[in-house]
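J.: This is target.cif, which holds mmCIF, C-alpha atoms:
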```
data_input
#
loop_
_atom_site.label_atom_id
_atom_site.label_comp_id
_atom_site.auth_asym_id
_atom_site.auth_seq_id
_atom_site.Cartn_x
_atom_site.Cartn_y
_atom_site.Cartn_z
CA MET N 1 -150.02 -79.36 44.73
CA GLN N 2 -146.26 -79.98 44.68
CA LYS N 3 -144.32 -78.72 41.71
CA ILE N 4 -142.94 -81.10 39.13
CA ALA N 5 -139.94 -80.65 36.84
CA ILE N 6 -139.85 -82.07 33.31
CA THR N 7 -136.69 -82.27 31.20
CA SER N 8 -137.52 -80.31 28.08
CA GLU N 9 -136.10 -79.24 24.75
CA GLY N 10 -137.68 -75.80 25.21
CA PRO N 11 -139.40 -73.50 27.69
CA SER N 12 -143.09 -74.26 27.12
CA LEU N 13 -145.68 -76.98 27.80
CA ASP N 14 -145.77 -77.74 24.08
CA ASP N 15 -142.06 -78.39 23.71
CA ALA N 16 -140.81 -81.97 23.50
CA VAL N 17 -139.61 -83.83 26.56
CA ASP N 18 -135.82 -84.14 26.43
CA PRO N 19 -135.16 -87.76 27.46
CA ARG N 20 -131.68 -86.91 28.76
CA PHE N 21 -131.47 -85.70 32.34
CA GLY N 22 -127.94 -84.37 32.91
CA ARG N 23 -127.58 -83.06 29.37
CA ALA N 24 -131.18 -81.87 28.97
CA ALA N 25 -131.67 -78.49 27.30
CA GLY N 26 -133.62 -77.31 30.35
CA PHE N 27 -136.39 -77.95 32.83
CA VAL N 28 -139.99 -76.83 32.71
CA ILE N 29 -141.18 -76.54 36.29
CA VAL N 30 -144.95 -76.91 36.46
CA ASP N 31 -147.62 -76.48 39.08
CA PRO N 32 -149.87 -79.37 38.01
CA ALA N 33 -152.99 -77.73 39.51
CA THR N 34 -152.75 -74.42 37.65
CA LEU N 35 -150.39 -75.43 34.80
CA GLU N 36 -148.33 -72.37 35.61
CA THR N 37 -144.80 -72.88 34.31
CA GLU N 38 -141.33 -71.63 34.95
CA TYR N 39 -138.28 -72.52 32.82
CA ARG N 40 -134.79 -73.30 34.09
CA ASP N 41 -132.06 -73.48 31.50
CA ASN N 42 -129.56 -76.31 31.91
CA GLY N 43 -126.66 -74.58 30.17
CA ALA N 44 -124.51 -74.78 33.31
CA ALA N 45 -124.57 -78.58 33.17
CA GLN N 46 -124.21 -78.82 29.40
CA THR N 47 -120.82 -77.14 29.43
CA MET N 48 -119.38 -79.52 32.03
CA PRO N 49 -117.13 -82.33 30.80
CA ARG N 50 -118.27 -84.49 33.72
CA GLY N 51 -120.71 -84.03 36.58
CA ALA N 52 -123.58 -82.75 34.41
CA GLY N 53 -126.09 -84.96 36.24
CA ILE N 54 -125.13 -83.58 39.63
CA GLN N 55 -125.29 -80.00 38.34
CA ALA N 56 -128.70 -80.67 36.77
CA ALA N 57 -129.94 -82.15 40.06
CA GLU N 58 -128.91 -78.95 41.84
CA THR N 59 -130.83 -76.91 39.28
CA VAL N 60 -133.99 -79.00 39.70
CA ALA N 61 -133.77 -78.86 43.50
CA GLY N 62 -133.18 -75.10 43.30
CA GLY N 63 -136.37 -74.77 41.25
CA GLY N 64 -138.38 -76.17 44.14
CA ALA N 65 -139.65 -79.28 42.32
CA LYS N 66 -140.42 -82.40 44.33
CA VAL N 67 -141.04 -84.69 41.36
CA LEU N 68 -138.93 -85.13 38.21
CA LEU N 69 -140.24 -86.56 34.95
CA THR N 70 -137.48 -87.52 32.51
CA GLY N 71 -136.11 -90.25 30.27
CA TYR N 72 -132.86 -91.51 31.70
CA VAL N 73 -131.03 -90.82 34.97
CA GLY N 74 -127.50 -91.96 35.80
CA PRO N 75 -126.34 -93.18 39.21
CA LYS N 76 -124.77 -89.99 40.58
CA ALA N 77 -127.70 -87.83 39.50
CA PHE N 78 -130.06 -90.38 41.02
CA GLN N 79 -128.22 -90.20 44.33
CA ALA N 80 -128.22 -86.40 44.29
CA LEU N 81 -131.94 -86.13 43.42
CA SER N 82 -132.85 -88.69 46.06
CA ALA N 83 -130.86 -86.79 48.69
CA ALA N 84 -132.91 -83.70 47.86
CA GLY N 85 -136.10 -85.71 48.38
CA ILE N 86 -137.11 -85.52 44.72
CA ALA N 87 -139.20 -88.42 43.38
CA ILE N 88 -137.80 -89.62 40.04
CA VAL N 89 -139.97 -90.83 37.16
CA GLN N 90 -137.97 -92.34 34.29
CA ASN N 91 -138.69 -93.54 30.75
CA ILE N 92 -140.74 -90.44 29.85
CA GLU N 93 -139.95 -89.62 26.21
CA SER N 94 -141.45 -89.09 22.74
CA MET N 95 -144.16 -86.74 24.06
CA THR N 96 -144.66 -83.08 24.90
CA VAL N 97 -144.22 -81.60 28.34
CA ARG N 98 -148.01 -81.10 28.48
CA GLU N 99 -148.60 -84.80 27.77
CA ALA N 100 -146.09 -85.78 30.45
CA VAL N 101 -147.88 -83.56 32.99
CA ALA N 102 -151.23 -85.10 32.02
CA ARG N 103 -149.79 -88.55 32.52
CA TYR N 104 -148.57 -87.53 35.97
CA LYS N 105 -151.94 -86.07 36.95
CA ASP N 106 -153.68 -89.26 35.82
CA GLY N 107 -151.35 -91.30 37.98
CA ARG N 108 -150.02 -93.23 34.96
CA ILE N 109 -146.42 -93.09 36.19
CA ASN N 110 -144.06 -95.12 38.36
CA VAL N 111 -141.61 -93.57 40.77
CA ALA N 112 -138.21 -95.17 40.18
CA SER N 113 -136.19 -96.85 42.89
CA ALA N 114 -132.99 -97.17 40.84
CA PRO N 115 -131.24 -95.34 37.98
CA ASN N 116 -131.94 -96.65 34.47
CA SER N 117 -128.71 -95.40 32.89
CA ARG N 118 -125.04 -96.01 33.62
CA GLY N 119 -124.47 -92.29 33.25
CA ARG N 120 -121.75 -90.82 31.08
CA GLY N 121 -119.36 -89.59 33.75
CA ARG N 122 -118.82 -93.15 35.15
CA MET D 1 -81.23 -85.38 31.75
CA ILE D 2 -84.84 -86.44 31.37
CA VAL D 3 -85.94 -87.58 27.91
CA ALA D 4 -89.66 -88.01 27.22
CA ILE D 5 -90.71 -90.29 24.37
CA ALA D 6 -94.11 -89.05 23.23
CA SER D 7 -96.37 -88.94 20.18
CA GLY D 8 -99.80 -87.76 19.35
CA LYS D 9 -100.66 -91.05 17.73
CA GLY D 10 -101.10 -94.26 19.67
CA GLY D 11 -99.18 -97.23 18.30
CA ALA D 12 -96.55 -95.00 16.72
CA GLY D 13 -93.70 -96.78 18.51
CA LYS D 14 -93.13 -94.94 21.79
CA THR D 15 -92.50 -98.09 23.78
CA THR D 16 -90.32 -99.60 21.04
CA VAL D 17 -88.17 -96.48 21.07
CA SER D 18 -88.17 -96.15 24.88
CA ALA D 19 -87.05 -99.73 25.47
CA SER D 20 -84.32 -99.62 22.81
CA LEU D 21 -83.08 -96.20 23.87
CA ALA D 22 -82.93 -97.23 27.53
CA GLY D 23 -80.99 -100.30 26.41
CA VAL D 24 -78.24 -98.30 24.68
CA TRP D 25 -78.16 -95.24 26.97
CA SER D 26 -74.98 -94.97 29.01
CA PRO D 27 -75.76 -95.93 32.60
CA PRO D 28 -76.96 -95.00 35.11
CA VAL D 29 -80.41 -94.62 33.54
CA ILE D 30 -83.96 -95.09 34.79
CA ALA D 31 -86.64 -96.29 32.37
CA VAL D 32 -90.03 -94.94 33.41
CA ASP D 33 -93.43 -96.02 32.11
CA LEU D 34 -95.75 -93.04 32.62
CA ASP D 35 -98.45 -94.47 30.35
CA VAL D 36 -100.19 -95.52 33.55
CA GLU D 37 -103.50 -96.33 31.85
CA GLU D 38 -101.93 -99.10 29.84
CA PRO D 39 -98.29 -99.57 30.83
CA ASN D 40 -96.36 -102.00 28.64
CA LEU D 41 -92.68 -101.04 28.86
CA HIS D 42 -92.15 -103.84 31.40
CA LEU D 43 -93.13 -106.39 28.75
CA PHE D 44 -89.92 -105.49 26.89
CA LEU D 45 -87.50 -104.60 29.69
CA LYS D 46 -88.73 -107.54 31.82
CA PRO D 47 -87.62 -105.99 35.11
CA GLU D 48 -87.39 -107.84 38.38
CA ILE D 49 -89.95 -105.88 40.46
CA THR D 50 -88.38 -105.16 43.85
CA GLY D 51 -90.96 -102.82 45.33
CA GLN D 52 -94.52 -101.66 45.04
CA GLU D 53 -96.76 -99.24 46.90
CA PRO D 54 -100.30 -97.94 46.47
CA ALA D 55 -100.83 -94.26 45.66
CA HIS D 56 -103.80 -92.27 46.96
CA MET D 57 -105.38 -88.88 46.47
CA ASP D 58 -106.96 -86.72 49.19
CA VAL D 59 -110.73 -86.45 48.74
CA PRO D 60 -113.14 -84.52 51.00
CA GLU D 61 -115.01 -86.07 53.89
CA VAL D 62 -117.56 -83.91 55.67
CA ASP D 63 -118.49 -83.91 59.34
CA GLU D 64 -122.20 -83.76 58.49
CA GLU D 65 -123.34 -82.98 62.03
CA ASN D 66 -121.43 -79.72 62.13
CA CYS D 67 -121.91 -78.72 58.47
CA THR D 68 -124.16 -75.65 58.16
CA LEU D 69 -124.95 -76.35 54.44
CA CYS D 70 -123.55 -72.92 53.53
CA ARG D 71 -122.54 -74.19 50.05
CA ALA D 72 -119.13 -72.53 50.08
CA CYS D 73 -117.56 -75.88 49.14
CA SER D 74 -120.07 -76.82 46.47
CA ASP D 75 -119.81 -73.34 44.92
CA VAL D 76 -116.01 -73.51 44.70
CA CYS D 77 -115.81 -77.07 43.38
CA GLN D 78 -115.51 -77.07 39.58
CA PHE D 79 -116.00 -80.82 39.33
CA LYS D 80 -119.22 -81.48 41.30
CA ALA D 81 -117.32 -83.63 43.78
CA ILE D 82 -119.18 -81.99 46.67
CA SER D 83 -122.76 -80.80 46.49
CA VAL D 84 -125.47 -79.57 48.82
CA MET D 85 -128.83 -81.10 47.89
CA GLY D 86 -131.71 -79.90 50.05
CA ASP D 87 -130.55 -80.43 53.62
CA VAL D 88 -127.95 -83.04 52.76
CA ILE D 89 -124.31 -82.59 51.79
CA LEU D 90 -123.09 -85.17 49.29
CA THR D 91 -119.57 -86.04 48.21
CA PHE D 92 -118.68 -87.83 44.97
CA PRO D 93 -115.09 -88.93 45.62
CA GLU D 94 -114.61 -90.27 42.08
CA MET D 95 -115.27 -86.78 40.67
CA CYS D 96 -112.62 -85.11 42.87
CA HIS D 97 -109.43 -83.70 41.32
CA GLY D 98 -107.81 -83.32 44.74
CA CYS D 99 -107.31 -79.55 44.61
CA GLY D 100 -108.28 -79.00 48.26
CA ALA D 101 -110.37 -75.89 47.56
CA CYS D 102 -113.40 -77.22 49.48
CA LYS D 103 -111.37 -77.67 52.65
CA ALA D 104 -109.69 -74.29 52.17
CA VAL D 105 -112.96 -72.35 51.89
CA CYS D 106 -115.01 -74.20 54.56
CA PRO D 107 -115.83 -71.57 57.21
CA GLU D 108 -116.79 -74.23 59.78
CA ASP D 109 -113.66 -76.33 59.24
CA VAL D 110 -115.74 -79.52 59.01
CA ILE D 111 -113.99 -80.98 55.94
CA SER D 112 -111.22 -83.49 56.41
CA TYR D 113 -109.45 -85.73 53.93
CA GLY D 114 -110.23 -89.29 53.06
CA LYS D 115 -108.35 -91.25 50.44
CA ARG D 116 -109.13 -92.46 46.95
CA LEU D 117 -106.89 -95.22 45.63
CA LEU D 118 -105.33 -94.12 42.34
CA GLY D 119 -103.26 -97.19 41.55
CA ASP D 120 -99.82 -98.60 42.25
CA ILE D 121 -96.24 -97.49 41.79
CA LEU D 122 -93.85 -100.34 40.97
CA TRP D 123 -90.08 -100.31 40.67
CA GLY D 124 -87.32 -102.75 40.04
CA ARG D 125 -84.16 -103.50 38.10
CA THR D 126 -82.99 -105.03 34.89
CA ALA D 127 -79.50 -106.01 33.76
CA GLY D 128 -79.32 -102.48 32.32
CA PRO D 129 -81.63 -99.65 33.34
CA GLU D 130 -83.39 -99.20 36.64
CA PHE D 131 -87.17 -99.46 36.17
CA LEU D 132 -90.16 -97.47 37.43
CA MET D 133 -93.82 -97.50 36.44
CA GLY D 134 -97.31 -96.52 37.50
CA ARG D 135 -100.37 -98.71 37.03
CA LEU D 136 -103.77 -97.02 37.26
CA ARG D 137 -106.52 -98.72 39.25
CA VAL D 138 -109.16 -100.22 36.97
CA GLY D 139 -112.11 -97.81 37.14
CA GLU D 140 -110.02 -94.76 38.02
CA ALA D 141 -110.83 -92.00 35.51
CA MET D 142 -107.86 -89.64 36.03
CA SER D 143 -104.25 -90.55 35.36
CA PRO D 144 -102.33 -87.30 36.10
CA PRO D 145 -102.65 -87.64 39.92
CA LEU D 146 -100.99 -91.09 39.81
CA MET D 147 -98.40 -89.82 37.33
CA ARG D 148 -97.46 -87.07 39.79
CA HIS D 149 -96.78 -89.74 42.46
CA VAL D 150 -94.57 -91.67 40.02
CA LYS D 151 -92.70 -88.45 39.17
CA VAL D 152 -92.06 -87.70 42.86
CA ARG D 153 -90.38 -91.08 43.22
CA LEU D 154 -88.47 -90.51 39.99
CA LYS D 155 -87.18 -87.17 41.25
CA ASP D 156 -85.94 -88.82 44.45
CA ARG D 157 -84.20 -91.61 42.53
CA LEU D 158 -82.60 -89.14 40.12
CA ALA D 159 -81.28 -87.11 43.05
CA GLU D 160 -79.93 -90.25 44.74
CA THR D 161 -78.32 -91.85 41.69
CA GLY D 162 -77.50 -88.98 39.35
CA ALA D 163 -79.05 -91.06 36.58
CA ASP D 164 -80.71 -89.93 33.38
CA ALA D 165 -84.36 -90.86 32.81
CA ILE D 166 -86.18 -92.08 29.73
CA ILE D 167 -89.92 -91.63 30.02
CA ASP D 168 -92.40 -93.66 27.97
CA ALA D 169 -95.27 -91.15 27.76
CA PRO D 170 -98.95 -91.83 27.15
CA PRO D 171 -100.34 -91.16 23.67
CA GLY D 172 -102.48 -88.17 22.78
CA VAL D 173 -102.01 -84.50 23.57
CA SER D 174 -104.30 -84.01 26.57
CA CYS D 175 -103.47 -83.69 30.29
CA PRO D 176 -101.78 -87.11 30.72
CA ALA D 177 -99.44 -86.56 27.76
CA VAL D 178 -98.60 -83.01 28.82
CA ASN D 179 -97.96 -84.20 32.39
CA ALA D 180 -95.51 -86.79 31.08
CA VAL D 181 -93.43 -84.38 28.99
CA MET D 182 -93.52 -81.16 31.01
CA ASP D 183 -90.53 -82.04 33.22
CA ALA D 184 -88.39 -83.41 30.39
CA ASP D 185 -85.24 -81.75 29.07
CA VAL D 186 -85.84 -83.15 25.58
CA ILE D 187 -89.08 -84.35 23.99
CA VAL D 188 -88.83 -87.01 21.31
CA LEU D 189 -91.92 -87.32 19.10
CA VAL D 190 -92.36 -90.72 17.50
CA THR D 191 -94.37 -90.75 14.31
CA GLU D 192 -94.84 -92.74 11.13
CA PRO D 193 -94.94 -91.54 7.52
CA THR D 194 -98.70 -91.88 7.10
CA PRO D 195 -101.51 -89.29 7.10
CA PHE D 196 -102.40 -90.40 10.65
CA GLY D 197 -98.80 -89.96 11.74
CA CYS D 198 -98.56 -86.51 10.15
CA TYR D 199 -101.84 -85.31 11.58
CA ASP D 200 -101.09 -86.41 15.14
CA LEU D 201 -97.48 -85.20 14.95
CA ALA D 202 -98.81 -81.73 14.11
CA LEU D 203 -101.13 -81.87 17.13
CA ALA D 204 -98.34 -83.02 19.44
CA HIS D 205 -95.95 -80.35 18.19
CA GLN D 206 -98.63 -77.71 18.66
CA ALA D 207 -99.48 -78.92 22.18
CA PHE D 208 -95.92 -79.30 23.42
CA LYS D 209 -94.11 -76.37 21.76
CA ASN D 210 -95.41 -73.93 24.39
CA ILE D 211 -93.58 -75.92 27.08
CA GLY D 212 -90.39 -74.57 25.50
CA LYS D 213 -88.41 -77.82 25.47
CA PRO D 214 -86.26 -78.91 22.51
CA MET D 215 -88.06 -81.46 20.37
CA GLY D 216 -86.98 -83.93 17.74
CA VAL D 217 -88.70 -86.60 15.70
CA VAL D 218 -88.22 -90.33 15.24
CA VAL D 219 -89.81 -91.63 12.05
CA ASN D 220 -90.88 -95.19 12.73
CA ARG D 221 -91.83 -97.58 9.89
CA ALA D 222 -89.81 -95.44 7.51
CA GLY D 223 -90.50 -96.52 3.93
CA LEU D 224 -94.18 -97.11 4.58
CA GLY D 225 -96.71 -94.61 3.26
CA GLU D 226 -95.59 -91.25 1.98
CA ASP D 227 -92.89 -88.62 2.36
CA ALA D 228 -95.05 -85.74 3.61
CA VAL D 229 -93.76 -86.11 7.18
CA TYR D 230 -90.25 -85.04 6.11
CA ALA D 231 -91.46 -81.77 4.59
CA GLN D 232 -93.67 -81.26 7.62
CA CYS D 233 -90.71 -81.61 10.01
CA ARG D 234 -88.57 -79.31 7.88
CA ASP D 235 -91.27 -76.63 7.85
CA ALA D 236 -91.85 -76.95 11.60
CA GLY D 237 -88.12 -76.81 12.35
CA LEU D 238 -88.21 -80.28 13.92
CA PRO D 239 -84.97 -82.24 13.47
CA ILE D 240 -85.34 -85.90 12.48
CA LEU D 241 -83.23 -87.74 15.02
CA ALA D 242 -83.70 -91.28 13.72
CA GLU D 243 -85.52 -93.40 11.19
CA ILE D 244 -86.55 -96.93 12.05
CA PRO D 245 -87.15 -98.94 8.88
CA TYR D 246 -90.44 -100.63 8.05
CA ASP D 247 -89.03 -104.09 8.46
CA ARG D 248 -90.62 -107.47 9.13
CA THR D 249 -87.83 -108.54 11.50
CA ILE D 250 -88.74 -105.62 13.79
CA ALA D 251 -92.41 -106.61 13.85
CA GLU D 252 -91.49 -110.21 14.64
CA ALA D 253 -89.13 -109.19 17.43
CA TYR D 254 -91.69 -106.77 18.87
CA SER D 255 -94.37 -109.45 18.91
CA ARG D 256 -92.04 -111.62 20.99
CA GLY D 257 -91.37 -108.82 23.48
CA ARG D 258 -87.79 -108.28 22.27
CA ILE D 259 -85.92 -104.97 22.33
CA ILE D 260 -85.21 -103.77 18.79
CA SER D 261 -81.74 -102.43 19.54
CA GLU D 262 -80.74 -105.95 20.59
CA ILE D 263 -81.70 -107.62 17.29
CA SER D 264 -78.63 -106.63 15.33
CA ASP D 265 -75.75 -104.15 15.17
CA ARG D 266 -77.57 -102.31 12.40
CA PHE D 267 -80.58 -101.63 14.61
CA ARG D 268 -78.41 -100.95 17.64
CA HIS D 269 -76.66 -98.18 15.72
CA ILE D 270 -79.99 -96.49 14.98
CA PHE D 271 -80.51 -96.06 18.71
CA THR D 272 -76.94 -95.16 19.68
CA ASP D 273 -77.15 -92.46 16.97
CA LEU D 274 -80.53 -91.40 18.41
CA ALA D 275 -79.00 -91.16 21.90
CA GLY D 276 -76.24 -88.97 20.47
CA GLY D 277 -78.77 -86.80 18.63
CA ILE D 278 -80.78 -86.31 21.82
CA ARG D 279 -77.68 -85.26 23.79
CA GLU D 280 -76.75 -82.85 21.02
CA LEU D 281 -80.25 -81.39 21.00
CA ALA D 282 -80.09 -80.92 24.78
CA SER D 283 -76.66 -79.26 24.74
CA SER D 284 -77.55 -76.96 21.84
CA ASP D 285 -80.61 -75.91 23.81
CA VAL D 286 -78.45 -75.16 26.85
CA ALA D 287 -76.10 -73.14 24.60
CA ARG D 288 -79.06 -71.31 23.08
CA LYS D 289 -80.41 -70.40 26.53
CA GLU D 290 -77.00 -69.26 27.74
CA ALA D 291 -76.62 -67.07 24.66
CA PHE D 292 -80.06 -65.67 25.31
CA HIS D 293 -79.21 -64.79 28.91
CA ALA D 294 -75.74 -63.40 28.08
#
```
Write out the structure in this file as structure tokens.
T.:
Amino acid sequence: MQKIAITSEGPSLDDAVDPRFGRAAGFVIVDPATLETEYRDNGAAQTMPRGAGIQAAETVAGGGAKVLLTGYVGPKAFQALSAAGIAIVQNIESMTVREAVARYKDGRINVASAPNSRGRGR
Amino acid sequence: MIVAIASGKGGAGKTTVSASLAGVWSPPVIAVDLDVEEPNLHLFLKPEITGQEPAHMDVPEVDEENCTLCRACSDVCQFKAISVMGDVILTFPEMCHGCGACKAVCPEDVISYGKRLLGDILWGRTAGPEFLMGRLRVGEAMSPPLMRHVKVRLKDRLAETGADAIIDAPPGVSCPAVNAVMDADVIVLVTEPTPFGCYDLALAHQAFKNIGKPMGVVVNRAGLGEDAVYAQCRDAGLPILAEIPYDRTIAEAYSRGRIISEISDRFRHIFTDLAGGIRELASSDVARKEAFHA
């Protein structure tokens, strides 16, 4: 099964989903079949005055994920993720990473065709 | 001589001082609006605009067919203006600072330059000073690249005419403000005797003192607020070059786009004295440097 990345406030399945994409604390990368996880810190993007979304997209692509579950994605990040062939699921928030993965496995998600945030970098 | 009129605080009176000073400065003089994000000096000087040209910045364009996706460019770019995502190379021209590093490091030589419009440079004349300004394109996030274009034209005009320049700088103490004052011979900090004025004056002094240019202060709206700014200037070794009174006639004239030094002889003298103070500050700095080198 293809790996999915979830924006997260911490490294585990029981941490809360971070609804921000570019400024997320990090990404939990999950194999939905085995629930094996790997954590990628997003510190590199958090220190950038602008371009955090693009940096975060590079981190997610580098982690090998083909699906992203998150809250809000700005236009440049959306373009970068799409170029890497990553399916984007937005409006995932107020739940744990584990709950987000369950929702994905149940098929209760919609892949986005457009960004749902203006982004901060403009 | 180049005189930059700056301030930490917005609305302190930079444009009021710039317009009046340009009006009393002995010609030839060029009045320059480097507050390219929101230029307003022209509203007071009312120049006849005689020329205008767009200014651009070089941004990377990639020959995607011959790009090997080696990431040398995306690794060197500090601003995420060029990025390799999977098997695609992406450029984000609006993020680019125009440094050229991507093109310099590309081992395949597949990066060329396209252009991003920064804004316009406009110039013209008034009965007194020559006039020059930049106007940033709406949506453009960076003003220093356009300011550099305006300064190139200024340098040419100064060389051709032997004029002095009075620069109306942007507010704040970040890159645009530093860019506006760094080439000046004298920096004039406009403030007001309020806690806001004091706080932002301290920031501006701190930001600009490392540039090593002589600085002086104009206290605008003198009589308003409190006296702390005078002690602050004394402690910082900043001479007070002029005080502009807190006066209703000035506010009325300003609101009608009039130049304060043209209201009355009394106000005119404030600015002729200021011009003298600036020249003195510049020559004492020259003397100080000569003594240092001797």
J.: For the structure shown, which residues end up in the PyMOL selection byres ((chain N) within 9 of (chain D))? Put them as a PyMOL selection string, please?
T.: chain N and resi 48-52+54-55+57-58+61-62+76+79-85+121-122
J.: What residues come out when you apply the PyMOL selection byres ((chain D and resi 269) around 12) to this file, written as a list in words?
T.: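 Matching residues under the PyMOL selection byres ((chain D and resi 269) around 12) are Ser20, Leu21, Gly23, Val24, Trp25, Ala242, Glu243, Ile244, Ile260, Ser261, Glu262, Ile263, Ser264, Asp265, Arg266, Phe267, Arg268, Ile270, Phe271, Thr272, Asp273, Leu274, Ala275, Gly276 and Gly277 of chain D.
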J.: Report, in Å to a single decimal, how far apart CA of Asn42 in chain N and CA of Val17 in chain N are.
T.: 13.6 Å
J.: Would you list the contacts of range 195-210 of chain D as an MDAnalysis selection string, taking every protein, DNA or RNA residue within 7 Å and counting all atoms listed in the file, but skipping same-chain residues closer than 3 positions in sequence?
T.: chainID D and resid 7:9 173 191:192 213 229
J.: Care to translate the PyMOL selection byres ((chain N and resi 40) around 9) into actual residues of this file, as JSON, numbers by chain?
T.: {"N": [11, 26, 27, 28, 29, 38, 39, 41, 42, 59, 60, 63]}
J.: So how far away is CA of Asp35 in chain D from CA of Leu117 in chain D, in Å?
T.: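 CA of Leu117 in chain D sits 17.5 Å away from CA of Asp35 in chain D.
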J.: Would you please work out which residue, of D:His149, D:Arg288, D:Leu158, D:Val190, is nearest to Gly172 in chain D when using all atoms listed in the file?
T.: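 Ranking D:His149, D:Arg288, D:Leu158, D:Val190 by distance to Gly172 in chain D, first place goes to D:Val190.
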J.: Which residue, D:Ala228, D:Val62, D:Ile2, D:Val181, has the smallest gap to Lys155 in chain D when you use only C-alpha atoms?
T.: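 Once distances to Lys155 in chain D are computed over only C-alpha atoms, the minimum belongs to D:Ile2.
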J.: Rounded to one decimal place, report the CA of His97 in chain D-CA of Ala72 in chain D distance in Å.
T.: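 Atom-to-atom, CA of His97 in chain D and CA of Ala72 in chain D are spaced 17.2 Å apart.
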J.: Show me, as a ChimeraX atom specification, the residues that have an atom within 10 Å of range 92-100 of chain N when counting only C-alpha atoms, minus same-chain residues fewer than 5 positions from it.
T.: /N:5-20,27-30,32,35,69-72,105-106,108-109
J.: For C-alpha atoms, I'd like the residues from the last selection saved as a tab-separated table (two decimals), in the frame of the given file.
T.:
```
chain	number	residue	atom	x	y	z
N	5	ALA	CA	-139.94	-80.65	36.84
N	6	ILE	CA	-139.85	-82.07	33.31
N	7	THR	CA	-136.69	-82.27	31.20
N	8	SER	CA	-137.52	-80.31	28.08
N	9	GLU	CA	-136.10	-79.24	24.75
N	10	GLY	CA	-137.68	-75.80	25.21
N	11	PRO	CA	-139.40	-73.50	27.69
N	12	SER	CA	-143.09	-74.26	27.12
N	13	LEU	CA	-145.68	-76.98	27.80
N	14	ASP	CA	-145.77	-77.74	24.08
N	15	ASP	CA	-142.06	-78.39	23.71
N	16	ALA	CA	-140.81	-81.97	23.50
N	17	VAL	CA	-139.61	-83.83	26.56
N	18	ASP	CA	-135.82	-84.14	26.43
N	19	PRO	CA	-135.16	-87.76	27.46
N	20	ARG	CA	-131.68	-86.91	28.76
N	27	PHE	CA	-136.39	-77.95	32.83
N	28	VAL	CA	-139.99	-76.83	32.71
N	29	ILE	CA	-141.18	-76.54	36.29
N	30	VAL	CA	-144.95	-76.91	36.46
N	32	PRO	CA	-149.87	-79.37	38.01
N	35	LEU	CA	-150.39	-75.43	34.80
N	69	LEU	CA	-140.24	-86.56	34.95
N	70	THR	CA	-137.48	-87.52	32.51
N	71	GLY	CA	-136.11	-90.25	30.27
N	72	TYR	CA	-132.86	-91.51	31.70
N	105	LYS	CA	-151.94	-86.07	36.95
N	106	ASP	CA	-153.68	-89.26	35.82
N	108	ARG	CA	-150.02	-93.23	34.96
N	109	ILE	CA	-146.42	-93.09	36.19
```
J.: From the set D:Ser143, D:Gln232, D:Ser26, D:Thr161, which residue has the shortest atom-to-atom contact distance to Ala177 in chain D, counting only C-alpha atoms?
T.: D:Ser143
J.: Can you tell me which residues surround range 282-285 of chain D at a distance of at most 12 Å, considering only C-alpha atoms, apart from same-chain residues fewer than 2 positions away, and format the answer as a PDB file with C-alpha atoms, in the frame of the given file?
T.:
```
ATOM      1  CA  MET D   1     -81.230 -85.380  31.750  1.00  0.00           C
ATOM      2  CA  ILE D   2     -84.840 -86.440  31.370  1.00  0.00           C
ATOM      3  CA  VAL D   3     -85.940 -87.580  27.910  1.00  0.00           C
ATOM      4  CA  ALA D 184     -88.390 -83.410  30.390  1.00  0.00           C
ATOM      5  CA  ASP D 185     -85.240 -81.750  29.070  1.00  0.00           C
ATOM      6  CA  VAL D 186     -85.840 -83.150  25.580  1.00  0.00           C
ATOM      7  CA  ILE D 187     -89.080 -84.350  23.990  1.00  0.00           C
ATOM      8  CA  VAL D 188     -88.830 -87.010  21.310  1.00  0.00           C
ATOM      9  CA  GLY D 212     -90.390 -74.570  25.500  1.00  0.00           C
ATOM     10  CA  LYS D 213     -88.410 -77.820  25.470  1.00  0.00           C
ATOM     11  CA  PRO D 214     -86.260 -78.910  22.510  1.00  0.00           C
ATOM     12  CA  MET D 215     -88.060 -81.460  20.370  1.00  0.00           C
ATOM     13  CA  GLY D 216     -86.980 -83.930  17.740  1.00  0.00           C
ATOM     14  CA  ALA D 275     -79.000 -91.160  21.900  1.00  0.00           C
ATOM     15  CA  GLY D 276     -76.240 -88.970  20.470  1.00  0.00           C
ATOM     16  CA  GLY D 277     -78.770 -86.800  18.630  1.00  0.00           C
ATOM     17  CA  ILE D 278     -80.780 -86.310  21.820  1.00  0.00           C
ATOM     18  CA  ARG D 279     -77.680 -85.260  23.790  1.00  0.00           C
ATOM     19  CA  GLU D 280     -76.750 -82.850  21.020  1.00  0.00           C
ATOM     20  CA  ALA D 287     -76.100 -73.140  24.600  1.00  0.00           C
ATOM     21  CA  ARG D 288     -79.060 -71.310  23.080  1.00  0.00           C
ATOM     22  CA  LYS D 289     -80.410 -70.400  26.530  1.00  0.00           C
ATOM     23  CA  GLU D 290     -77.000 -69.260  27.740  1.00  0.00           C
ATOM     24  CA  ALA D 291     -76.620 -67.070  24.660  1.00  0.00           C
ATOM     25  CA  PHE D 292     -80.060 -65.670  25.310  1.00  0.00           C
TER      26      PHE D 292
END
```
J.: Might you pull out every residue within 9 Å of Val67 in chain N, with all atoms listed in the file counted and same-chain residues fewer than 3 positions away left off, and present them as a PyMOL selection string?
T.: chain N and resi 2-6+85-89+111
